[in-house]
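Heads up: the structure comes next, in structure tokens.
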Amino acid sequence: MSTQADWLPSSHENLYDKSLITKTYAEGHLGDIGAGKTAEWINSDFKVKWQAFANAFLAWQNPTTRNPIIIATLQETEKAFRPAYREFYRYVKNNPVVTDDMLVAMALPPRSDNKPTPAPVPTSYPIAKIDISIVSRLTVHYTDSQTGKKGKPKGVAGAVIHWAILPVPPTDYAELFHSVLNTNSPLVLDFAEEERDRTVYFRLAWQNVRGEKGAYSDIVSARIP
């Protein structure tokens with residue numbers, strides 16, 4: 001397990017994955033982890049800097065939009081976000097209401113390396129079933145490959161879903177450049193009118209609360225209705 005001194009990832013990708021878990025948990029448990037000025041700061045400064053970093057990262061991740069301006073923007077927004085992320089951890093760690101289990105659920109180090117037990121790397125993967133019953137919308141339902149149930153395995157933060165609209169099946173997984181961590185099935189994607197009848201390809205994996213991914217599913221596809 002990482003120590004509290006080195007818990008912040010050095011790579012863009014790992015920082016995005018970890019901070020997405022933190023931000024998603026914070027949105028759903030703001031009343032537990034923050035109050036008063038702390039909650040105001042989380043909803044403003046922290047989330048604003050995270051969103052700027054996330055937007056730049058997703059543009060940088062997409063080879064069709066990556067350019068020198070995007071690279072510079074990613075560097076600037078990440079530089080601004082990192083201290084805000086450390087400050088967020090300081091706030092929640094010093095809040096006696098926040099337990100070590102809650103810290104781990106936010107992909108943050110617990111106060112003691114002796115507790116709680118680290119979440120394991122997922123040994124199963126999500127199996128997707130795509131609903132095309134609504135015009136211009138794909139609804140991605142998924143279940144666990146081992147249990148067949150909709151619920152996430154223990155210690156899992158959500159399903160990482162990579163996708164892209166492509167003219168032919170991908171030959172390189174990097175072609176699925178869109179990426180989202182979805183904490184509860186289903187994922188709903190709405191498309192523009194001009195995108196109808198095009199094919200979307202998907203690949204899914206479980207990601208635990210420490211940002212570690214399990215095995216990926218086979219690629220599945222659906223035509224936008």
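By convention here, the chains of the structure tokens are called A, B, ... in the order presented, each chain's residues are numbered starting at 1, and ligands are numbered starting at 1 in the order presented.
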Next item on the list: Mind the document's chain letters and residue numbers, and return as a ChimeraX atom specification the residues of segment 38-213 of chain A that DSSP labels strand (DSSP E or B).
Entry: /A:126-131,137-144,156-165,178-182,187-190,199-208,213
Can you write just those residues out, N, CA and C atoms, as a compact mmCIF listing (two decimals), in the first residue's frame?
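Saved file result-v7.txt follows:
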```
# COMPACT_ATOMS: atom_id res chain seq x y z
N PRO A 126 -17.12 -7.01 -16.02
CA PRO A 126 -18.52 -6.72 -16.34
C PRO A 126 -18.88 -7.25 -17.73
N ILE A 127 -20.05 -7.84 -17.82
CA ILE A 127 -20.58 -8.30 -19.11
C ILE A 127 -21.69 -7.33 -19.52
N ALA A 128 -21.54 -6.73 -20.69
CA ALA A 128 -22.46 -5.68 -21.12
C ALA A 128 -23.61 -6.22 -21.96
N LYS A 129 -24.78 -5.64 -21.76
CA LYS A 129 -25.93 -5.85 -22.61
C LYS A 129 -26.46 -4.47 -22.96
N ILE A 130 -26.56 -4.16 -24.24
CA ILE A 130 -26.84 -2.80 -24.67
C ILE A 130 -28.26 -2.67 -25.19
N ASP A 131 -29.00 -1.77 -24.59
CA ASP A 131 -30.39 -1.51 -24.95
C ASP A 131 -30.42 -0.42 -26.03
N ARG A 137 -30.07 6.85 -28.45
CA ARG A 137 -29.55 6.53 -27.11
C ARG A 137 -29.12 5.06 -27.03
N LEU A 138 -27.96 4.84 -26.39
CA LEU A 138 -27.51 3.50 -26.04
C LEU A 138 -27.45 3.42 -24.52
N THR A 139 -28.08 2.40 -23.97
CA THR A 139 -28.07 2.18 -22.53
C THR A 139 -27.29 0.91 -22.24
N VAL A 140 -26.17 1.06 -21.58
CA VAL A 140 -25.25 -0.06 -21.33
C VAL A 140 -25.51 -0.64 -19.95
N HIS A 141 -26.21 -1.77 -19.93
CA HIS A 141 -26.42 -2.52 -18.68
C HIS A 141 -25.28 -3.53 -18.55
N TYR A 142 -24.85 -3.79 -17.32
CA TYR A 142 -23.79 -4.78 -17.17
C TYR A 142 -23.96 -5.57 -15.87
N THR A 143 -23.51 -6.81 -15.93
CA THR A 143 -23.55 -7.72 -14.78
C THR A 143 -22.17 -8.31 -14.57
N ASP A 144 -21.96 -8.92 -13.41
CA ASP A 144 -20.66 -9.49 -13.10
C ASP A 144 -20.51 -10.85 -13.77
N VAL A 156 -15.11 -2.99 -5.25
CA VAL A 156 -15.10 -2.39 -6.58
C VAL A 156 -15.78 -1.02 -6.54
N ALA A 157 -15.11 -0.03 -7.14
CA ALA A 157 -15.68 1.32 -7.19
C ALA A 157 -16.69 1.46 -8.33
N GLY A 158 -16.44 0.76 -9.43
CA GLY A 158 -17.33 0.86 -10.57
C GLY A 158 -16.75 0.17 -11.79
N ALA A 159 -17.45 0.32 -12.89
CA ALA A 159 -17.00 -0.26 -14.16
C ALA A 159 -16.34 0.82 -14.99
N VAL A 160 -15.11 0.55 -15.43
CA VAL A 160 -14.45 1.42 -16.39
C VAL A 160 -14.94 1.00 -17.77
N ILE A 161 -15.53 1.94 -18.49
CA ILE A 161 -16.10 1.64 -19.80
C ILE A 161 -15.38 2.48 -20.84
N HIS A 162 -14.69 1.80 -21.76
CA HIS A 162 -14.03 2.46 -22.88
C HIS A 162 -14.91 2.28 -24.11
N TRP A 163 -15.06 3.35 -24.89
CA TRP A 163 -15.92 3.25 -26.06
C TRP A 163 -15.51 4.26 -27.13
N ALA A 164 -15.98 4.01 -28.34
CA ALA A 164 -15.76 4.93 -29.45
C ALA A 164 -16.66 4.56 -30.60
N ILE A 165 -17.03 5.56 -31.40
CA ILE A 165 -17.74 5.33 -32.66
C ILE A 165 -16.68 5.06 -33.72
N HIS A 178 -12.70 7.08 -25.62
CA HIS A 178 -13.59 7.59 -24.58
C HIS A 178 -13.51 6.66 -23.37
N SER A 179 -13.49 7.23 -22.17
CA SER A 179 -13.39 6.40 -20.97
C SER A 179 -14.20 7.04 -19.86
N VAL A 180 -14.96 6.22 -19.14
CA VAL A 180 -15.75 6.71 -18.02
C VAL A 180 -15.77 5.66 -16.93
N LEU A 181 -15.72 6.10 -15.68
CA LEU A 181 -15.92 5.21 -14.55
C LEU A 181 -17.37 5.33 -14.13
N ASN A 182 -18.15 4.28 -14.35
CA ASN A 182 -19.57 4.28 -14.04
C ASN A 182 -19.79 3.49 -12.75
N LEU A 187 -25.07 2.64 -17.82
CA LEU A 187 -24.51 3.87 -18.36
C LEU A 187 -25.37 4.28 -19.54
N VAL A 188 -25.80 5.54 -19.56
CA VAL A 188 -26.65 6.04 -20.64
C VAL A 188 -25.84 7.01 -21.49
N LEU A 189 -25.80 6.74 -22.79
CA LEU A 189 -25.09 7.60 -23.74
C LEU A 189 -26.07 8.12 -24.78
N ASP A 190 -26.16 9.44 -24.90
CA ASP A 190 -27.02 10.06 -25.91
C ASP A 190 -26.15 10.60 -27.05
N THR A 199 -21.82 2.75 -35.59
CA THR A 199 -21.57 1.66 -34.64
C THR A 199 -20.64 2.13 -33.53
N VAL A 200 -21.02 1.78 -32.30
CA VAL A 200 -20.21 2.09 -31.12
C VAL A 200 -19.65 0.79 -30.56
N TYR A 201 -18.37 0.79 -30.28
CA TYR A 201 -17.70 -0.38 -29.72
C TYR A 201 -17.34 -0.11 -28.26
N PHE A 202 -17.51 -1.14 -27.40
CA PHE A 202 -17.31 -1.00 -25.97
C PHE A 202 -16.37 -2.09 -25.44
N ARG A 203 -15.67 -1.74 -24.36
CA ARG A 203 -14.84 -2.69 -23.61
C ARG A 203 -14.92 -2.28 -22.14
N LEU A 204 -15.14 -3.25 -21.24
CA LEU A 204 -15.39 -2.93 -19.83
C LEU A 204 -14.46 -3.69 -18.90
N ALA A 205 -14.19 -3.10 -17.75
CA ALA A 205 -13.44 -3.77 -16.68
C ALA A 205 -13.90 -3.21 -15.35
N TRP A 206 -13.83 -4.03 -14.30
CA TRP A 206 -14.07 -3.52 -12.95
C TRP A 206 -12.83 -2.77 -12.47
N GLN A 207 -13.04 -1.72 -11.69
CA GLN A 207 -11.93 -0.99 -11.07
C GLN A 207 -12.19 -0.91 -9.58
N ASN A 208 -11.21 -1.30 -8.77
CA ASN A 208 -11.42 -1.27 -7.33
C ASN A 208 -11.22 0.13 -6.77
N LYS A 213 -7.45 -2.03 -11.95
CA LYS A 213 -8.42 -2.66 -12.84
C LYS A 213 -8.21 -4.17 -12.90
```
Notebook entry, point to check: Skipping near chain neighbours, those fewer than 2 positions away, what residues fall within 10 Å of segment 53-70 of chain A using only C-alpha atoms, listed as a ChimeraX atom specification?
Noted result: /A:12-13,15-17,19-20,47-51,72-82,174-180
Notebook entry, point to check: Which polymer residues have any atom within 12 Å of an atom of Asp6 of chain A, counting only C-alpha atoms, with same-chain residues fewer than 6 positions away left out, as a list of chain:residue names?
Noted result: A:Arg86, A:Leu108, A:Pro109
Please dump the current selection as an mmCIF file, in the first residue's frame; keep C-alpha atoms.
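Wrote it out as again.cif, contents follow:
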```cif
data_model
loop_
_atom_site.group_PDB
_atom_site.id
_atom_site.type_symbol
_atom_site.label_atom_id
_atom_site.label_comp_id
_atom_site.auth_asym_id
_atom_site.auth_seq_id
_atom_site.Cartn_x
_atom_site.Cartn_y
_atom_site.Cartn_z
ATOM 1 C CA ARG A 86 -3.877 17.044 -1.357
ATOM 2 C CA LEU A 108 -7.304 7.640 -0.435
ATOM 3 C CA PRO A 109 -4.846 6.201 2.115
#
```
Check: Which of these, A:Ser221, A:Ser185, A:Thr22, A:Ser112, has the shortest distance to Leu166 of chain A once you count only C-alpha atoms?
Finding: A:Ser221
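Of the residues under consideration (A:Asp32, A:Asp218, A:Glu194, A:Asp45), A:Asp32 shows the shortest atom-to-atom contact distance to Val98 of chain A when counting only C-alpha atoms.
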Next item on the list: Write out as an NGL selection string the residues lying within 9 Å of Val104 of chain A, counting only C-alpha atoms and excluding same-chain residues fewer than 4 positions away.
Entry: :A and (99-100 or 108-110 or 116 or 118-119 or 209-210)
Would you mind exporting C-alpha atoms of the selected residues as a compact mmCIF listing (two decimals), in the first residue's frame?
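The file below, selection-v2.txt, is the result:
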```txt
# COMPACT_ATOMS: atom_id res chain seq x y z
CA THR A 99 -13.66 6.44 8.81
CA ASP A 100 -10.69 4.59 7.32
CA LEU A 108 -7.30 7.64 -0.44
CA PRO A 109 -4.85 6.20 2.11
CA PRO A 110 -6.33 5.20 5.49
CA PRO A 116 -8.76 -1.69 6.72
CA PRO A 118 -6.97 -3.42 1.07
CA ALA A 119 -9.50 -4.08 -1.66
CA VAL A 209 -11.40 1.61 -4.85
CA ARG A 210 -7.61 1.86 -5.13
```
